[in-house]
$ cat my_file-v1.cif   # mmCIF, C-alpha atoms, pLDDT in the B column; chains and numbers go by the auth columns
data_run
loop_
_atom_site.group_PDB
_atom_site.id
_atom_site.type_symbol
_atom_site.label_atom_id
_atom_site.label_comp_id
_atom_site.label_asym_id
_atom_site.label_seq_id
_atom_site.Cartn_x
_atom_site.Cartn_y
_atom_site.Cartn_z
_atom_site.B_iso_or_equiv
_atom_site.auth_seq_id
_atom_site.auth_asym_id
ATOM 1 C CA MET A 1 15.114 41.927 50.464 77.00 1 C
ATOM 2 C CA VAL A 2 15.232 41.928 54.265 83.00 2 C
ATOM 3 C CA ARG A 3 18.499 43.862 54.240 85.00 3 C
ATOM 4 C CA GLU A 4 17.024 46.534 51.942 84.00 4 C
ATOM 5 C CA ALA A 5 13.825 46.845 54.008 84.00 5 C
ATOM 6 C CA HIS A 6 15.858 47.241 57.203 84.00 6 C
ATOM 7 C CA ARG A 7 18.100 49.877 55.606 86.00 7 C
ATOM 8 C CA ILE A 8 15.050 51.907 54.528 86.00 8 C
ATOM 9 C CA TRP A 9 13.462 51.487 57.971 86.00 9 C
ATOM 10 C CA LEU A 10 16.613 52.884 59.598 88.00 10 C
ATOM 11 C CA LEU A 11 16.440 55.940 57.326 88.00 11 C
ATOM 12 C CA THR A 12 12.738 56.550 58.081 86.00 12 C
ATOM 13 C CA PRO A 13 11.763 58.527 61.208 89.00 13 C
ATOM 14 C CA GLY A 14 9.806 56.728 63.920 86.00 14 C
ATOM 15 C CA LYS A 15 6.268 57.586 65.091 87.00 15 C
ATOM 16 C CA MET A 16 7.483 60.508 67.182 92.00 16 C
ATOM 17 C CA GLY A 17 10.007 61.664 64.577 92.00 17 C
ATOM 18 C CA GLN A 18 12.928 59.979 66.331 94.00 18 C
ATOM 19 C CA GLN A 19 15.681 58.082 64.545 93.00 19 C
ATOM 20 C CA HIS A 20 15.330 54.288 64.602 90.00 20 C
ATOM 21 C CA ASN A 21 18.053 52.407 66.471 91.00 21 C
ATOM 22 C CA ASP A 22 19.855 49.614 64.674 93.00 22 C
ATOM 23 C CA ASN A 23 19.635 46.153 66.223 88.00 23 C
ATOM 24 C CA LYS A 24 20.107 42.509 65.243 91.00 24 C
ATOM 25 C CA MET A 25 16.400 41.800 64.775 85.00 25 C
ATOM 26 C CA ARG A 26 15.076 41.625 61.195 86.00 26 C
ATOM 27 C CA MET A 27 11.458 41.076 60.132 80.00 27 C
ATOM 28 C CA LEU A 28 9.981 39.957 56.845 79.00 28 C
ATOM 29 C CA HIS A 29 6.539 41.426 56.198 76.00 29 C
ATOM 30 C CA TYR A 30 3.801 40.386 53.822 76.00 30 C
ATOM 31 C CA GLU A 31 3.113 44.089 53.250 78.00 31 C
ATOM 32 C CA TYR A 32 5.178 47.132 54.110 74.00 32 C
ATOM 33 C CA LYS A 33 2.307 49.567 54.654 73.00 33 C
ATOM 34 C CA SER A 34 4.236 52.548 55.974 72.00 34 C
ATOM 35 C CA LEU A 35 7.412 52.105 53.901 76.00 35 C
ATOM 36 C CA GLU A 36 8.061 52.201 50.179 80.00 36 C
ATOM 37 C CA ILE A 37 10.312 49.207 49.530 81.00 37 C
ATOM 38 C CA PRO A 38 11.190 48.966 45.807 82.00 38 C
ATOM 39 C CA CYS A 39 11.977 45.248 45.998 80.00 39 C
ATOM 40 C CA ALA A 40 8.677 44.506 47.836 82.00 40 C
ATOM 41 C CA PRO A 41 5.777 46.152 45.976 84.00 41 C
ATOM 42 C CA HIS A 42 2.189 45.512 47.093 84.00 42 C
ATOM 43 C CA GLY A 43 1.401 41.790 46.694 84.00 43 C
ATOM 44 C CA TRP A 44 5.047 40.797 46.270 84.00 44 C
ATOM 45 C CA MET A 45 4.618 37.630 48.315 85.00 45 C
ATOM 46 C CA GLU A 46 1.417 36.442 46.598 88.00 46 C
ATOM 47 C CA GLU A 47 3.227 34.043 44.242 87.00 47 C
ATOM 48 C CA TYR A 48 4.429 32.099 47.300 87.00 48 C
ATOM 49 C CA ARG A 49 1.006 31.765 48.956 88.00 49 C
ATOM 50 C CA ASN A 50 0.192 28.056 49.285 91.00 50 C
ATOM 51 C CA ALA A 51 3.318 27.125 47.285 92.00 51 C
ATOM 52 C CA TRP A 52 4.054 24.191 49.576 91.00 52 C
ATOM 53 C CA HIS A 53 5.802 22.368 46.743 91.00 53 C
ATOM 54 C CA LEU A 54 8.736 24.741 47.279 90.00 54 C
ATOM 55 C CA LEU A 55 9.345 23.138 50.677 90.00 55 C
ATOM 56 C CA GLU A 56 9.152 19.528 49.541 86.00 56 C
ATOM 57 C CA LYS A 57 12.280 17.452 49.175 79.00 57 C
ATOM 58 C CA ASN A 58 13.214 16.317 45.684 66.00 58 C
#
$ encode --input "my_file-v1.cif" --output "structure tokens"
Amino acid sequence: MVREAHRIWLLTPGKMGQQHNDNKMRMLHYEYKSLEIPCAPHGWMEEYRNAWHLLEKN
């Protein structure tokens, strides 16, 4: 997911039309407003909201 979003971001021009520079930083967003990310459609993270049980030890 993060890898795909970063790849698409690199291919998308910046605000001034410039090419984005690759770096080691990666960000996970709740919504990707300016990018179309097939693996992260609108509301993709909703199923994990308040799902604290996923962090509990068994």
$ resolve_selection --input "my_file-v1.cif" --expression "the PyMOL selection byres ((chain C and resi 30) around 8)" --output "list in words"
Leu28, His29, Glu31, Tyr32, Gly43, Trp44 and Met45 of chain C
$ write_last_selection --input "my_file-v1.cif" --atoms "C-alpha atoms" --output "PDB file, in the coordinates of the input"
ATOM      1  CA  LEU C  28       9.981  39.957  56.845  1.00 79.00           C
ATOM      2  CA  HIS C  29       6.539  41.426  56.198  1.00 76.00           C
ATOM      3  CA  GLU C  31       3.113  44.089  53.250  1.00 78.00           C
ATOM      4  CA  TYR C  32       5.178  47.132  54.110  1.00 74.00           C
ATOM      5  CA  GLY C  43       1.401  41.790  46.694  1.00 84.00           C
ATOM      6  CA  TRP C  44       5.047  40.797  46.270  1.00 84.00           C
ATOM      7  CA  MET C  45       4.618  37.630  48.315  1.00 85.00           C
TER       8      MET C  45
END
$ resolve_selection --input "my_file-v1.cif" --expression "the PyMOL selection byres ((chain C and resi 23) around 12)" --output "VMD selection string"
chain C and resid 6 to 7 9 to 10 20 to 22 24 to 27
$ atom_distance --input "my_file-v1.cif" --atom1 "CA of Ala40 in chain C" --atom2 "CA of Met16 in chain C"
25.1 Å
$ atom_distance --input "my_file-v1.cif" --atom1 "CA of Ala5 in chain C" --atom2 "CA of Lys33 in chain C"
11.9 Å
$ atom_distance --input "my_file-v1.cif" --atom1 "CA of Pro38 in chain C" --atom2 "CA of Glu4 in chain C"
8.8 Å
$ decode --input "my_file-v1.cif" --residues "chain C" --atoms "C-alpha atoms" --output "mmCIF file, in the first residue's frame"
data_model
loop_
_atom_site.group_PDB
_atom_site.id
_atom_site.type_symbol
_atom_site.label_atom_id
_atom_site.label_comp_id
_atom_site.auth_asym_id
_atom_site.auth_seq_id
_atom_site.Cartn_x
_atom_site.Cartn_y
_atom_site.Cartn_z
ATOM 1 C CA MET C 1 0.000 0.000 0.000
ATOM 2 C CA VAL C 2 2.614 2.552 1.054
ATOM 3 C CA ARG C 3 4.961 1.399 -1.699
ATOM 4 C CA GLU C 4 2.231 1.797 -4.342
ATOM 5 C CA ALA C 5 1.205 5.249 -3.066
ATOM 6 C CA HIS C 6 4.831 6.412 -3.123
ATOM 7 C CA ARG C 7 5.341 5.073 -6.655
ATOM 8 C CA ILE C 8 2.270 6.981 -7.888
ATOM 9 C CA TRP C 9 3.390 10.124 -6.040
ATOM 10 C CA LEU C 10 6.769 9.957 -7.794
ATOM 11 C CA LEU C 11 5.013 9.759 -11.172
ATOM 12 C CA THR C 12 2.729 12.729 -10.392
ATOM 13 C CA PRO C 13 4.004 16.285 -10.999
ATOM 14 C CA GLY C 14 4.415 18.572 -7.994
ATOM 15 C CA LYS C 15 2.520 21.834 -7.370
ATOM 16 C CA MET C 16 4.705 23.767 -9.794
ATOM 17 C CA GLY C 17 4.812 20.953 -12.354
ATOM 18 C CA GLN C 18 8.222 19.731 -11.201
ATOM 19 C CA GLN C 19 9.162 16.079 -10.821
ATOM 20 C CA HIS C 20 9.084 14.752 -7.249
ATOM 21 C CA ASN C 21 12.430 13.647 -5.826
ATOM 22 C CA ASP C 22 12.687 10.179 -4.346
ATOM 23 C CA ASN C 23 13.685 9.944 -0.689
ATOM 24 C CA LYS C 24 13.526 7.476 2.200
ATOM 25 C CA MET C 25 10.475 9.059 3.831
ATOM 26 C CA ARG C 26 7.115 7.301 3.363
ATOM 27 C CA MET C 27 3.730 8.486 4.650
ATOM 28 C CA LEU C 28 0.486 6.630 5.171
ATOM 29 C CA HIS C 29 -2.568 8.835 4.690
ATOM 30 C CA TYR C 30 -6.152 8.389 5.782
ATOM 31 C CA GLU C 31 -7.186 9.938 2.458
ATOM 32 C CA TYR C 32 -5.190 10.568 -0.685
ATOM 33 C CA LYS C 33 -7.065 13.657 -1.876
ATOM 34 C CA SER C 34 -4.862 14.660 -4.790
ATOM 35 C CA LEU C 35 -3.853 11.161 -5.941
ATOM 36 C CA GLU C 36 -5.846 8.248 -7.292
ATOM 37 C CA ILE C 37 -4.483 5.223 -5.435
ATOM 38 C CA PRO C 38 -6.293 2.034 -6.549
ATOM 39 C CA CYS C 39 -5.436 0.156 -3.352
ATOM 40 C CA ALA C 40 -6.649 3.075 -1.153
ATOM 41 C CA PRO C 41 -10.112 4.194 -2.307
ATOM 42 C CA HIS C 42 -12.022 6.828 -0.322
ATOM 43 C CA GLY C 43 -12.733 5.476 3.186
ATOM 44 C CA TRP C 44 -10.256 2.609 2.866
ATOM 45 C CA MET C 45 -9.096 2.961 6.461
ATOM 46 C CA GLU C 46 -12.580 3.183 8.015
ATOM 47 C CA GLU C 47 -12.703 -0.512 8.974
ATOM 48 C CA TYR C 48 -9.700 0.080 11.255
ATOM 49 C CA ARG C 49 -11.140 3.114 13.068
ATOM 50 C CA ASN C 50 -11.387 2.286 16.780
ATOM 51 C CA ALA C 51 -10.348 -1.334 16.108
ATOM 52 C CA TRP C 52 -8.164 -1.407 19.210
ATOM 53 C CA HIS C 53 -8.673 -5.155 19.527
ATOM 54 C CA LEU C 54 -6.218 -5.542 16.638
ATOM 55 C CA LEU C 55 -3.444 -4.223 18.885
ATOM 56 C CA GLU C 56 -4.205 -6.390 21.900
ATOM 57 C CA LYS C 57 -2.034 -9.359 22.738
ATOM 58 C CA ASN C 58 -3.614 -12.793 22.486
#
